[in-house]
Every structure is written in structure tokens, then in C-alpha cells.
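Structure data follow from model02.csv (CSV, C-alpha atoms):
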chain,number,residue,atom,x,y,z
T,301,MET,CA,-2.5,7.1,0.3
T,302,LYS,CA,0.2,4.7,1.3
T,303,TYR,CA,0.8,3.8,4.8
T,304,ILE,CA,3.6,2.0,6.7
T,305,LEU,CA,2.7,0.0,9.8
T,306,GLN,CA,5.3,-0.9,12.4
T,307,GLY,CA,4.9,-2.7,15.7
T,308,LYS,CA,7.2,-2.1,18.7
T,309,ASN,CA,7.5,-4.9,21.3
T,310,ILE,CA,4.3,-6.5,20.0
T,311,LYS,CA,3.3,-8.7,17.0
T,312,ILE,CA,1.0,-7.1,14.5
T,313,THR,CA,-1.9,-9.5,14.1
T,314,PRO,CA,-4.3,-9.5,11.2
T,315,THR,CA,-7.0,-8.2,13.5
T,316,ILE,CA,-4.9,-5.1,14.4
T,317,GLU,CA,-3.9,-4.7,10.8
T,318,GLY,CA,-7.6,-4.8,9.6
T,319,PHE,CA,-8.6,-2.4,12.3
T,320,ILE,CA,-5.9,0.1,11.2
T,321,ASP,CA,-6.8,-0.4,7.6
T,322,GLY,CA,-10.4,0.6,8.3
T,323,LYS,CA,-9.2,3.7,10.1
T,324,VAL,CA,-6.9,4.7,7.2
T,325,LYS,CA,-9.8,4.3,4.8
T,326,SER,CA,-11.9,6.7,6.9
T,327,LEU,CA,-9.0,9.2,7.1
T,328,GLU,CA,-8.7,9.1,3.3
T,329,ARG,CA,-12.1,10.9,2.9
T,330,PHE,CA,-10.5,13.9,4.8
T,331,THR,CA,-7.4,13.9,2.6
T,332,SER,CA,-9.3,13.5,-0.7
T,333,ARG,CA,-8.4,17.0,-2.0
T,334,PHE,CA,-4.7,16.2,-1.8
T,335,ASN,CA,-2.8,14.2,-4.4
T,336,GLN,CA,-3.0,10.6,-2.9
T,337,ASP,CA,0.3,9.6,-4.4
T,338,SER,CA,2.2,12.2,-2.4
T,339,LEU,CA,0.6,11.3,0.9
T,340,GLU,CA,2.5,9.0,3.3
T,341,LEU,CA,1.2,7.9,6.7
T,342,ARG,CA,3.6,6.2,9.2
T,343,ILE,CA,1.9,4.3,12.0
T,344,GLU,CA,3.7,2.9,15.0
T,345,VAL,CA,1.8,0.9,17.6
T,346,GLY,CA,3.1,-1.1,20.6
T,347,LYS,CA,4.5,-0.9,24.1
T,348,PRO,CA,7.3,1.4,25.2
T,349,SER,CA,9.1,-1.7,26.7
T,350,ARG,CA,8.5,-5.4,27.2
T,351,HIS,CA,8.4,-5.2,31.0
T,352,HIS,CA,5.4,-2.8,31.4
T,353,ARG,CA,2.4,-4.6,32.8
T,354,SER,CA,0.3,-1.8,34.3
T,355,GLY,CA,-0.8,1.7,33.5
T,356,LEU,CA,-0.9,3.2,30.1
T,357,ILE,CA,1.1,0.5,28.4
T,358,PHE,CA,0.0,0.8,24.8
T,359,TYR,CA,0.7,3.6,22.4
T,360,ALA,CA,-0.1,4.6,18.9
T,361,GLU,CA,1.9,7.2,17.0
T,362,LEU,CA,0.9,8.7,13.6
T,363,ASN,CA,3.0,10.8,11.2
T,364,LEU,CA,1.2,12.1,8.1
T,365,LYS,CA,3.1,13.8,5.4
T,366,LEU,CA,0.9,16.3,3.4
T,367,PRO,CA,2.3,18.6,0.7
T,368,GLY,CA,4.2,21.2,2.7
T,369,GLN,CA,3.1,20.0,6.1
T,370,LEU,CA,3.9,17.1,8.6
T,371,LEU,CA,1.1,16.3,11.0
T,372,ARG,CA,1.8,14.2,14.1
T,373,ALA,CA,-0.5,12.5,16.7
T,374,GLU,CA,0.3,10.3,19.6
T,375,ALA,CA,-1.9,8.5,22.2
T,376,ASN,CA,-1.3,6.3,25.2
T,377,HIS,CA,-4.0,4.0,26.7
T,378,LEU,CA,-4.7,0.8,28.6
T,379,ASP,CA,-6.1,-0.8,25.4
T,380,LEU,CA,-4.4,-0.7,22.0
T,381,ASN,CA,-7.6,-0.1,20.1
T,382,PHE,CA,-8.5,2.9,22.2
T,383,ALA,CA,-5.0,4.3,21.7
T,384,ILE,CA,-5.4,3.9,17.9
T,385,ASN,CA,-8.9,5.5,17.9
T,386,GLU,CA,-7.6,8.4,19.9
T,387,SER,CA,-4.6,9.1,17.7
T,388,PHE,CA,-6.7,8.8,14.5
T,389,GLY,CA,-9.2,11.3,16.0
T,390,GLU,CA,-6.5,13.7,16.8
T,391,ILE,CA,-5.0,13.5,13.3
T,392,GLU,CA,-8.4,14.0,11.6
T,393,GLY,CA,-8.8,17.2,13.6
T,394,GLN,CA,-5.4,18.4,12.4
T,395,VAL,CA,-6.2,17.6,8.8
T,396,LYS,CA,-9.5,19.5,9.0
T,397,LYS,CA,-7.8,22.5,10.5
T,398,PHE,CA,-5.1,22.4,7.8
T,399,LYS,CA,-7.7,22.2,5.0
T,400,GLU,CA,-9.6,25.2,6.5
T,401,LYS,CA,-6.4,27.2,6.5
T,402,LEU,CA,-5.8,26.3,2.8
T,403,ILE,CA,-9.3,27.3,1.9
T,404,ALA,CA,-9.1,30.6,3.8
T,405,LYS,CA,-5.8,31.4,2.2
T,406,LYS,CA,-7.3,30.8,-1.3
T,407,ARG,CA,-10.2,33.1,-0.6
T,408,ASN,CA,-8.0,35.9,0.4
Mind converting the file's structure to C-alpha cells?
Amino acid sequence: MKYILQGKNIKITPTIEGFIDGKVKSLERFTSRFNQDSLELRIEVGKPSRHHRSGLIFYAELNLKLPGQLLRAEANHLDLNFAINESFGEIEGQVKKFKEKLIAKKRN
């Protein structure tokens, strides 16, 4: 699976990139039944604007292109790592649900 990482209003540090790389590797085990060359994951992390200082200031947005399906997850949080964890958890649930639908369709 190839992935594209973008930062908005923040600098992507090697720590953030390593953390996201680990999350992508764990997501690959859920997408193993699909052709890995056709999968594309777009990740955008950052702040909505430069002047936010309080509240849910960090967000993570994921767009996963599967054959015949586009899955999307978004999360806002006080901490960037929590926002990334939350969005990857949401996309994993969507992938599981999509796989179950495919399996059920093949059985019928």
C-alpha cells in the first residue's frame, strides 16, 4: 500500500512520520486480501489554522481508496497522536465492515 502524508500548518517531524508509518503497517494486515498496488491512502494531519491555541486544535484525516470503494475517517483532538489513533481506529472498522460485506456477497 502506498500512502501520501501531508501536513497542514505544522511541520511533519520524523517522530510523527514514524508513528504514522507504524499505523499504516498495522492497517495493512486488514487490507491484505486486496491488491496492494491498487490501494492508496492519503493522510492529512495538522491544525485548521495557525491562530488556534485552545480546544480541539489538531486533526487527522484519512482517505483510503479500495477497489470500488472510498473510505474516509476524520478525528479532532487536543493531541495530534490521539487524533491519529482515533482516525486509524475508525478506518480499520470501516475496512472490516467492507470486507464482511464482500465475503457475505460471495457466499450468496
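As for atom CA of T:Phe382 and atom CA of T:Phe319, they are spaced 11.2 Å apart.
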Please identify all polymer residues within 10 Å of T:Leu327, counting all atoms listed in the file, omitting same-chain residues fewer than 3 positions from it, and present them as an MDAnalysis selection string.
-> chainID T and resid 301 321:324 330:332 388:389 391:392 395
Only C-alpha atoms, please: the residues just picked out, written as a short mmCIF file (atom, residue, chain, number, x, y, z; two decimals), keeping the file's coordinate frame.
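As written to disk, result-v4.cif reads:
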data_model
loop_
_atom_site.label_atom_id
_atom_site.label_comp_id
_atom_site.auth_asym_id
_atom_site.auth_seq_id
_atom_site.Cartn_x
_atom_site.Cartn_y
_atom_site.Cartn_z
CA MET T 301 -2.50 7.10 0.30
CA ASP T 321 -6.80 -0.40 7.60
CA GLY T 322 -10.40 0.60 8.30
CA LYS T 323 -9.20 3.70 10.10
CA VAL T 324 -6.90 4.70 7.20
CA PHE T 330 -10.50 13.90 4.80
CA THR T 331 -7.40 13.90 2.60
CA SER T 332 -9.30 13.50 -0.70
CA PHE T 388 -6.70 8.80 14.50
CA GLY T 389 -9.20 11.30 16.00
CA ILE T 391 -5.00 13.50 13.30
CA GLU T 392 -8.40 14.00 11.60
CA VAL T 395 -6.20 17.60 8.80
#
Any idea what the distance is between atom CA of T:Ile320 and atom CA of T:Arg333?
-> 21.6 Å
Nearest to T:Val345, restricted to all atoms listed in the file and choosing among T:Ala404, T:Ala375, T:Ala360, T:Ile316, comes out as T:Ala360
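Remark: for T:Leu370, the closest of the candidate residues T:Glu340, T:Glu400, T:Glu328, T:Glu386 is T:Glu340 (distances computed over all atoms listed in the file).
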Please return, as a compact mmCIF listing (two decimals) with C-alpha atoms, keeping the file's coordinate frame, all polymer residues that have at least one atom within 12 Å of the point (7.0, -1.1, 12.0); use all atoms listed in the file and the file's own coordinate frame.
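Now in out.txt:
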# COMPACT_ATOMS: atom_id res chain seq x y z
CA TYR T 303 0.80 3.80 4.80
CA ILE T 304 3.60 2.00 6.70
CA LEU T 305 2.70 0.00 9.80
CA GLN T 306 5.30 -0.90 12.40
CA GLY T 307 4.90 -2.70 15.70
CA LYS T 308 7.20 -2.10 18.70
CA ASN T 309 7.50 -4.90 21.30
CA ILE T 310 4.30 -6.50 20.00
CA LYS T 311 3.30 -8.70 17.00
CA ILE T 312 1.00 -7.10 14.50
CA GLU T 317 -3.90 -4.70 10.80
CA LEU T 341 1.20 7.90 6.70
CA ARG T 342 3.60 6.20 9.20
CA ILE T 343 1.90 4.30 12.00
CA GLU T 344 3.70 2.90 15.00
CA VAL T 345 1.80 0.90 17.60
CA GLY T 346 3.10 -1.10 20.60
CA ALA T 360 -0.10 4.60 18.90
CA GLU T 361 1.90 7.20 17.00
CA LEU T 362 0.90 8.70 13.60
Which of these residues is nearest to T:Thr315, using all atoms listed in the file: T:Leu356, T:Ile403, T:Leu380, T:Leu364?
-> T:Leu380
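Between atom CA of T:Arg329 and atom CA of T:Leu378 the interatomic distance comes to 28.6 Å.
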